[in-house]
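Notes follow once the structure below has been shown.
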Amino acid sequence: MPPKSKQTQNPNRQAWQWADTTEPARITQENVETAYRIRLKACPRDGRRNCKNNPNCLVGLGESQWLGEIDDEAFQEIEDPNNERRAEGSFVGLKNLGATCYVNTFLQVWFQNQEFRSAMYQYLEPDLPKGGRRTRSPPRSPKKTSPVKSSPPSPRKQTGSAQGEDVVSSTTGCPQGSPKKDGSPPTSPKKPPPPMENDEDLMPTTVCGHLQFIFALLQNSSRRYIDPSAFIQSLGLDTALQQDAQEFSKLLMSLLEDSTRYQPNPWVRDIMQQFRGQYAYVTRCNRCFQASSRPSQFYELDLNIQGHTDLSQCVEEFLQEEKLEGDNQYFCSFCQSKQNAARLISLMSLPRVLNLQLLRFVFDRNTGHKKKLNNYVRFPEVLDMSRYLRKPENEVVYELQAVLIHRGHSAYSGHYIAHIKDKASSCWYKFNDEEIQKMEGKKLQLGCEEDLEGGQKQPKKPKLQKGSHASRNAYMLVYNRRMPEGEEIGVPLPVETAIPDRLMQMVHRDNQKFEEWVKEMKDMRQQSVVSGKARHQEITELCELMPAEEGETYEWIGTDWLREWLSESNAPRSVDNSKLTCTHGRADPHKVSDMKRISKQAAEMLYSKYGGGPHLSDDESLCWECVRQTCAQLHAKARVAEDHKFITSANREKVDRNKSFWVGKESLRVWRQLAMEKLAPDSQGQGNGENGTQADGSEPTSSQGTKSSQGSNHGSMENGDDDITIFNEDIICEHSHLLPDESCRRLVSEAVWRRLKAYFTSAPEFRGSQNVCQACLLKDKEGEQREELHKLMATEQKSALIQLYQDKNRPGWDKKQVQEFYIVSKVFVEEWRQFVKQPLRYDPVSNIGNVSMLCPHMGLLYRPELIGTDPSNPGLLVWPAEWAVISKTFLVDHTIRVIREDEDRLVSKPALCEECLEARVFQEDQERREYASATIYIRKITSKEEKMANLQRAELNLSSSEEENDPDFQQMNTVKKRKIAKEVSANSMVAASINQVRRSSRHRRTRGEKQFTISSGQTLRDLKIQVMNAFSVAPFDQHLILNGHPLVDDVATLGSLGVQPGSVLLLKVDEPVEDPMMIEDFAKASVPEEGFKGTGLLGVR
């Protein structure tokens, strides 16, 4: 782009500069082409930025990315599908369906158990014959879902590939086509089974059936990861809800045992024995030393880790002896009485696969919710359990096979992964849903799984001996027993079991679908390259043809469409020039910055391929009408500017009243706008260019703008916001004469008036000696007399009722010497005080409406003893002397009189209506208790503030009682009383804020106070959760106080607790808890847990 010079600083001004000296009727072709900037030079092709105001600049629109050589990969819009292919020699991952990572970890652990995997392959579904194909039967009600989606999710980068039809042995999870452990050449792959004839004939219908299919896919799938949706659905699990992993393990183990119990194959029937051990609850009487034993089987040992740092400590506590004494004494069947005793767990036998559950998720009695223990626990790779057995054997040694990890601090959230050791290679792998990572070397590396999140301080890791590890997130350890040669536990397991043909057919069919998807993606990628090259060639050719040379035919095209055409990899929408046309259907000269001028040949190629329009071709597209209108506007603007300069200068000089004229100040302020509307009425709104500027690049003239108001050098009239349509109409009264008010007009010289009159020939003319409207003068005089009358009325009424006006010495029932009062409406008193204070602003009050305090039976609705004391009461007490003045001055609809018959009895006339009174109180109470979207305020206070408030409140109460009984205080002068009262008021501010509810319509929030929106049906627990989010204080640390009374019932509604709109509650906070995740746990625990209720884990599906 060429450097900017002074002439190119404002292209709008340069394009229309000729209009200042050219009459609209004399514009030429050259003027029109200049307005459209046709003659501007094009920028060089090596420019980087596009000149917005130069229609011939065709660089910087996005064409640079298409010019030159482009690699084929640049046209690819789809990831390489081979990235979704299983890498050679690797394991297959499992897709996380939302919150199913805890299921994926157990599936991978069980898949790596070769004996369990082989047994699952031999599982026979109840309705499946030995031939492997299900016979035809009536349609089933459950929906059939594909176990693996044919289209993988969004691709991820991963190197390596493998053949999709490799068949594997059941004793390894890697393809047979990969090198063996000893380095020998790979064996030839088996011939794949024939494709399935019907998917529904082979689809599993039981949990074990889905599990064996998952295992077959994990072993033989060509995919990098598979979708376990069918298995999850068979269990009835909610994929969006993260469940307790330890509970899931127990329930699924029990479900698998029930499912395999009646299998004909003894190997399948007894496969769960490898997980099953036995211990006994042994209780020994301390008196007769007789022991009772109750045996029990287990799938895993639940070990408490709280307060422990080593696995051996956890096992020892599990087997530790418990004393049964006091209220917990044991009833001995031999002694026939309750005796002190000792109870312990005795290990009878241990399984082949030992699952140790580390109880990281425990119940916190203080909070009433679960929490996670994040302390480190050491565990060895080789675990000797011989010393823990009741009858020690020669050697009971286990080797670490898997470590299941829960990442996260909270018991209600986090992520589950598994570290599993591959038996074939003795290498450790990290299974993280879809991603599987092989650890370096052959050692377990927990790594970043032990780091704290959120930038918290990392705890010190304990010292470790060789062959041991420590974890603060491990919740389950899986150990495999090291078996001597020739020794087995339970049913002997074969070395290798063939995968049933039915499963292999299903896997083969899924691999076929995957290969079809890969081929489809490859074809789409190839098509992207072909279409991209075609676009590249098209754009390269058109970019060469686009510049319109001088004298060559051309067309206008929108700049935005050209950018879209050059930025989109695919074909853009059709050409749309509708926004570039003026009202005459031609190219708008004020939108030149939004379009480009290209050659006719290039435009025809674009229209032939993309279509659209309208065509804006050559000189026929130039709108002379718009150019003339803009020229007229700019010409008039120059004339108005010259006159404005003269008027502004002349108005600074002194004017002779006899040789001057009256002009409205508001008219003088907006005269330029009115003049422009008369000189160029059709150009209003047409001459505006980009960003609200005029065609010449200057700021638009505004009737309210700063420039205009500065030029007039006058203040605006009182009704300056009204629009002026006729010059000088702002000084004409309703009788079409000159307004008497001189504040809205000023005198101008005869020369100034002649200039203004040239623009506004029909404007009203008033000479400086012109008389004002007599009718308006009379009206103003009457208004002044009315104001004087109001002032006199206010003064007299104030003097007669001075104590009522000042709200001093008001009557009350505590004053025993008075036997008679009257009641007036509080609304009347407020309106009357407003009038007395500002008689020129408010109208005088003429009547008193006491009917609002009476029921339909004309009985009193409010108890007389409460009037004057309750702020919500609509009445006010007045003295009999005041009532005498009020009844003579104002018109009273109903007189309400109250007489004291004796010391404790008041009688009103009219009498009190008890029935209507009770109905009113009940209705008001209901309205206070039932509300929605109401606002309350909660202020956080410290213990120090609370103690200070209590002390000041006690002092205030004590001083008040002393003052009432102290005769010296009663005789104190008024000034000293006021001083003491002021001090007491200042000292009691905190106490008052604690005990009172603010009922002012305008609440003034104080420091440490926040606003909340509530409804009466909310519980106190719901409010505490809102407070937790606002103040970061856990609900169990909150103490909310209303009117000095603590709110303690969490299940009670706010309406029943007396919380009303506008209430101010105080929040007292206990010391914060050390665990930063407690607040998050409480928020998530607020939703009741249902566990696995309603799922297939609580029964065979």
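Residue numbering restarts at 1 in every chain; chains get A, B, ... in the order shown in the structure tokens, and ligands count up from 1 in that same order.
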
Original post:
Per DSSP on the backbone, what are the strand (DSSP E) residues of range 742-847 of chain A, as a ChimeraX atom specification?
Top reply: /A:745-749,820-825,847

Export N, CA and C atoms of the chosen residues as a PDB file, in the first residue's frame?
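File produced: selection06.pdb:
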```pdb
ATOM      1  N   ARG A 745     -35.516  34.281  24.758  1.00  0.00           N
ATOM      2  CA  ARG A 745     -35.233  35.002  23.504  1.00  0.00           C
ATOM      3  C   ARG A 745     -34.104  36.003  23.717  1.00  0.00           C
ATOM      4  N   ARG A 746     -33.574  36.486  22.588  1.00  0.00           N
ATOM      5  CA  ARG A 746     -32.521  37.499  22.649  1.00  0.00           C
ATOM      6  C   ARG A 746     -32.603  38.394  21.418  1.00  0.00           C
ATOM      7  N   LEU A 747     -31.973  39.580  21.510  1.00  0.00           N
ATOM      8  CA  LEU A 747     -31.962  40.538  20.405  1.00  0.00           C
ATOM      9  C   LEU A 747     -30.767  40.294  19.506  1.00  0.00           C
ATOM     10  N   VAL A 748     -30.986  40.403  18.178  1.00  0.00           N
ATOM     11  CA  VAL A 748     -29.900  40.312  17.202  1.00  0.00           C
ATOM     12  C   VAL A 748     -29.982  41.529  16.296  1.00  0.00           C
ATOM     13  N   SER A 749     -28.889  41.845  15.675  1.00  0.00           N
ATOM     14  CA  SER A 749     -28.837  43.020  14.804  1.00  0.00           C
ATOM     15  C   SER A 749     -29.632  42.790  13.530  1.00  0.00           C
ATOM     16  N   GLU A 820     -58.225  12.209  75.511  1.00  0.00           N
ATOM     17  CA  GLU A 820     -58.914  12.211  74.220  1.00  0.00           C
ATOM     18  C   GLU A 820     -57.917  12.483  73.089  1.00  0.00           C
ATOM     19  N   PHE A 821     -58.015  11.685  71.981  1.00  0.00           N
ATOM     20  CA  PHE A 821     -57.201  11.876  70.785  1.00  0.00           C
ATOM     21  C   PHE A 821     -58.089  11.747  69.558  1.00  0.00           C
ATOM     22  N   TYR A 822     -57.536  12.263  68.437  1.00  0.00           N
ATOM     23  CA  TYR A 822     -58.196  12.068  67.145  1.00  0.00           C
ATOM     24  C   TYR A 822     -57.190  11.402  66.183  1.00  0.00           C
ATOM     25  N   ILE A 823     -57.725  10.726  65.204  1.00  0.00           N
ATOM     26  CA  ILE A 823     -56.882  10.002  64.243  1.00  0.00           C
ATOM     27  C   ILE A 823     -57.124  10.561  62.851  1.00  0.00           C
ATOM     28  N   VAL A 824     -56.020  10.875  62.158  1.00  0.00           N
ATOM     29  CA  VAL A 824     -56.099  11.342  60.767  1.00  0.00           C
ATOM     30  C   VAL A 824     -55.240  10.429  59.902  1.00  0.00           C
ATOM     31  N   SER A 825     -55.480  10.464  58.611  1.00  0.00           N
ATOM     32  CA  SER A 825     -54.748   9.625  57.673  1.00  0.00           C
ATOM     33  C   SER A 825     -53.297  10.081  57.571  1.00  0.00           C
ATOM     34  N   ASN A 847     -58.934  18.036  51.478  1.00  0.00           N
ATOM     35  CA  ASN A 847     -59.766  17.115  52.250  1.00  0.00           C
ATOM     36  C   ASN A 847     -58.916  16.021  52.885  1.00  0.00           C
TER      37      ASN A 847
END
```

**OP:** From a DSSP pass on the backbone, collect the residues of range 770-909 of chain A flagged as alpha helix (DSSP H) and hand them back as a PyMOL selection string.
**Re:** chain A and resi 774-800+802-806+826-837+880-889

Serialized selection, N, CA and C atoms, as a compact mmCIF listing (two decimals), in the first residue's frame:
```txt
# COMPACT_ATOMS: atom_id res chain seq x y z
N GLN A 774 -50.60 40.53 25.60
CA GLN A 774 -51.27 41.03 26.80
C GLN A 774 -52.03 39.92 27.52
N ALA A 775 -52.58 38.99 26.74
CA ALA A 775 -53.31 37.88 27.37
C ALA A 775 -52.36 37.02 28.22
N CYS A 776 -51.19 36.80 27.71
CA CYS A 776 -50.21 36.01 28.47
C CYS A 776 -49.74 36.78 29.70
N LEU A 777 -49.63 38.14 29.56
CA LEU A 777 -49.24 38.94 30.72
C LEU A 777 -50.27 38.81 31.84
N LEU A 778 -51.56 38.86 31.44
CA LEU A 778 -52.63 38.72 32.43
C LEU A 778 -52.61 37.34 33.07
N LYS A 779 -52.35 36.32 32.24
CA LYS A 779 -52.29 34.96 32.77
C LYS A 779 -51.13 34.79 33.74
N ASP A 780 -50.01 35.40 33.40
CA ASP A 780 -48.86 35.34 34.30
C ASP A 780 -49.14 36.05 35.62
N LYS A 781 -49.89 37.18 35.52
CA LYS A 781 -50.21 37.93 36.74
C LYS A 781 -51.13 37.10 37.64
N GLU A 782 -52.10 36.40 37.02
CA GLU A 782 -52.99 35.54 37.81
C GLU A 782 -52.19 34.40 38.45
N GLY A 783 -51.25 33.88 37.72
CA GLY A 783 -50.42 32.83 38.29
C GLY A 783 -49.61 33.31 39.48
N GLU A 784 -49.12 34.56 39.38
CA GLU A 784 -48.36 35.12 40.50
C GLU A 784 -49.26 35.32 41.72
N GLN A 785 -50.51 35.75 41.46
CA GLN A 785 -51.44 35.94 42.57
C GLN A 785 -51.77 34.59 43.23
N ARG A 786 -51.91 33.54 42.39
CA ARG A 786 -52.20 32.22 42.93
C ARG A 786 -51.05 31.71 43.78
N GLU A 787 -49.85 31.97 43.35
CA GLU A 787 -48.69 31.56 44.11
C GLU A 787 -48.60 32.30 45.44
N GLU A 788 -48.94 33.58 45.42
CA GLU A 788 -48.93 34.33 46.68
C GLU A 788 -49.98 33.80 47.64
N LEU A 789 -51.14 33.40 47.07
CA LEU A 789 -52.20 32.84 47.91
C LEU A 789 -51.75 31.51 48.53
N HIS A 790 -51.08 30.69 47.73
CA HIS A 790 -50.57 29.40 48.25
C HIS A 790 -49.54 29.64 49.35
N LYS A 791 -48.69 30.63 49.15
CA LYS A 791 -47.70 30.93 50.17
C LYS A 791 -48.37 31.36 51.48
N LEU A 792 -49.40 32.19 51.35
CA LEU A 792 -50.11 32.67 52.53
C LEU A 792 -50.81 31.51 53.24
N MET A 793 -51.47 30.62 52.45
CA MET A 793 -52.13 29.46 53.05
C MET A 793 -51.12 28.58 53.78
N ALA A 794 -49.98 28.34 53.15
CA ALA A 794 -48.97 27.49 53.77
C ALA A 794 -48.46 28.09 55.07
N THR A 795 -48.27 29.41 55.06
CA THR A 795 -47.75 30.07 56.26
C THR A 795 -48.76 29.99 57.41
N GLU A 796 -50.03 30.24 57.08
CA GLU A 796 -51.06 30.20 58.11
C GLU A 796 -51.24 28.79 58.67
N GLN A 797 -51.29 27.78 57.78
CA GLN A 797 -51.49 26.41 58.24
C GLN A 797 -50.28 25.92 59.04
N LYS A 798 -49.11 26.33 58.64
CA LYS A 798 -47.91 25.94 59.39
C LYS A 798 -47.92 26.56 60.78
N SER A 799 -48.33 27.82 60.84
CA SER A 799 -48.36 28.49 62.14
C SER A 799 -49.39 27.86 63.06
N ALA A 800 -50.55 27.46 62.48
CA ALA A 800 -51.61 26.89 63.30
C ALA A 800 -51.30 25.46 63.74
N ILE A 802 -47.99 23.96 63.90
CA ILE A 802 -46.54 23.93 63.86
C ILE A 802 -45.98 22.63 64.42
N GLN A 803 -46.56 22.09 65.48
CA GLN A 803 -46.03 20.85 66.07
C GLN A 803 -46.30 19.64 65.17
N LEU A 804 -47.44 19.65 64.49
CA LEU A 804 -47.73 18.57 63.54
C LEU A 804 -46.78 18.63 62.35
N TYR A 805 -46.44 19.86 61.93
CA TYR A 805 -45.52 20.01 60.81
C TYR A 805 -44.11 19.56 61.20
N GLN A 806 -43.66 19.95 62.38
CA GLN A 806 -42.31 19.61 62.82
C GLN A 806 -42.22 18.23 63.45
N LYS A 826 -52.40 9.13 57.59
CA LYS A 826 -50.98 9.45 57.46
C LYS A 826 -50.67 10.01 56.06
N VAL A 827 -51.41 9.57 55.06
CA VAL A 827 -51.22 10.09 53.70
C VAL A 827 -51.53 11.57 53.65
N PHE A 828 -52.60 11.98 54.33
CA PHE A 828 -52.95 13.40 54.37
C PHE A 828 -51.82 14.22 55.00
N VAL A 829 -51.28 13.75 56.10
CA VAL A 829 -50.24 14.50 56.81
C VAL A 829 -49.00 14.64 55.92
N GLU A 830 -48.61 13.58 55.21
CA GLU A 830 -47.43 13.64 54.34
C GLU A 830 -47.66 14.63 53.19
N GLU A 831 -48.83 14.58 52.55
CA GLU A 831 -49.11 15.52 51.45
C GLU A 831 -49.20 16.95 51.95
N TRP A 832 -49.79 17.14 53.13
CA TRP A 832 -49.90 18.50 53.70
C TRP A 832 -48.52 19.05 54.03
N ARG A 833 -47.62 18.26 54.58
CA ARG A 833 -46.26 18.73 54.89
C ARG A 833 -45.51 19.10 53.61
N GLN A 834 -45.73 18.36 52.53
CA GLN A 834 -45.10 18.71 51.26
C GLN A 834 -45.57 20.07 50.78
N PHE A 835 -46.88 20.32 50.87
CA PHE A 835 -47.41 21.61 50.43
C PHE A 835 -46.88 22.75 51.28
N VAL A 836 -46.87 22.58 52.59
CA VAL A 836 -46.40 23.64 53.48
C VAL A 836 -44.93 23.94 53.22
N LYS A 837 -44.15 22.92 52.93
CA LYS A 837 -42.72 23.11 52.70
C LYS A 837 -42.44 23.76 51.35
N PRO A 880 -56.50 17.16 70.44
CA PRO A 880 -57.84 17.77 70.23
C PRO A 880 -57.74 19.19 69.69
N ALA A 881 -56.77 19.98 70.19
CA ALA A 881 -56.63 21.35 69.69
C ALA A 881 -56.24 21.34 68.21
N GLU A 882 -55.38 20.43 67.82
CA GLU A 882 -55.01 20.31 66.41
C GLU A 882 -56.21 19.87 65.58
N TRP A 883 -57.02 18.97 66.14
CA TRP A 883 -58.19 18.50 65.39
C TRP A 883 -59.18 19.64 65.16
N ALA A 884 -59.28 20.54 66.14
CA ALA A 884 -60.20 21.68 65.98
C ALA A 884 -59.79 22.52 64.78
N VAL A 885 -58.48 22.75 64.59
CA VAL A 885 -57.98 23.51 63.44
C VAL A 885 -58.19 22.72 62.16
N ILE A 886 -57.88 21.41 62.19
CA ILE A 886 -57.97 20.58 60.99
C ILE A 886 -59.41 20.48 60.50
N SER A 887 -60.37 20.27 61.42
CA SER A 887 -61.76 20.11 61.02
C SER A 887 -62.35 21.38 60.43
N LYS A 888 -61.81 22.55 60.84
CA LYS A 888 -62.28 23.82 60.26
C LYS A 888 -61.60 24.12 58.93
N THR A 889 -60.35 23.69 58.79
CA THR A 889 -59.56 24.04 57.59
C THR A 889 -59.81 23.07 56.44
```

Original post:
Pick the closest to Glu84 in chain A from A:Ile226, A:Leu350, A:Ala470, A:Leu503: which is it, counting only C-alpha atoms?
Top reply: A:Ile226

**OP:** Using only C-alpha atoms, determine which residues lie at most 12 Å from Phe215 in chain A, disregarding the query and same-chain residues fewer than 6 positions distant; provide the list as a PyMOL selection string.
**Re:** chain A and resi 91-94+104+107-114+116-122+147+168-173+208-209+221+226-228+231+499-500+503-504+506-507

**OP:** Considering only C-alpha atoms, state which residue in the set A:Asn56, A:Ile70, A:Cys744, A:Ser574 is at the smallest distance from Lys41 in chain A.
**Re:**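 When distances to Lys41 in chain A are compared using only C-alpha atoms, the smallest one comes from A:Asn56.
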
Using only C-alpha atoms, which residues sit within 7 Å of Ala35 in chain A once same-chain residues fewer than 2 positions away are excluded, as an mmCIF file with N, CA, C and O atoms, in the first residue's frame?
```
data_model
loop_
_atom_site.group_PDB
_atom_site.id
_atom_site.type_symbol
_atom_site.label_atom_id
_atom_site.label_comp_id
_atom_site.auth_asym_id
_atom_site.auth_seq_id
_atom_site.Cartn_x
_atom_site.Cartn_y
_atom_site.Cartn_z
ATOM 1 N N ALA A 15 -12.459 13.161 -2.410
ATOM 2 C CA ALA A 15 -13.383 12.769 -3.469
ATOM 3 C C ALA A 15 -14.476 13.809 -3.696
ATOM 4 O O ALA A 15 -15.012 13.910 -4.815
ATOM 5 N N TRP A 16 -14.823 14.613 -2.689
ATOM 6 C CA TRP A 16 -15.917 15.581 -2.812
ATOM 7 C C TRP A 16 -15.446 17.027 -2.666
ATOM 8 O O TRP A 16 -16.269 17.944 -2.512
ATOM 9 N N ASN A 31 -16.436 14.973 -12.493
ATOM 10 C CA ASN A 31 -16.839 15.115 -11.089
ATOM 11 C C ASN A 31 -17.422 13.815 -10.535
ATOM 12 O O ASN A 31 -17.114 13.408 -9.406
ATOM 13 N N VAL A 32 -18.253 13.154 -11.341
ATOM 14 C CA VAL A 32 -18.880 11.911 -10.891
ATOM 15 C C VAL A 32 -17.827 10.818 -10.685
ATOM 16 O O VAL A 32 -17.838 10.095 -9.678
ATOM 17 N N GLU A 33 -16.894 10.687 -11.644
ATOM 18 C CA GLU A 33 -15.855 9.672 -11.496
ATOM 19 C C GLU A 33 -14.943 9.961 -10.310
ATOM 20 O O GLU A 33 -14.467 9.047 -9.631
ATOM 21 N N ARG A 37 -14.223 7.757 -7.043
ATOM 22 C CA ARG A 37 -12.794 7.449 -6.879
ATOM 23 C C ARG A 37 -12.292 6.461 -7.935
ATOM 24 O O ARG A 37 -11.433 5.619 -7.666
ATOM 25 N N PRO A 589 -22.753 6.144 -4.208
ATOM 26 C CA PRO A 589 -21.423 6.780 -4.124
ATOM 27 C C PRO A 589 -20.896 6.881 -2.697
ATOM 28 O O PRO A 589 -19.701 7.081 -2.498
#
```
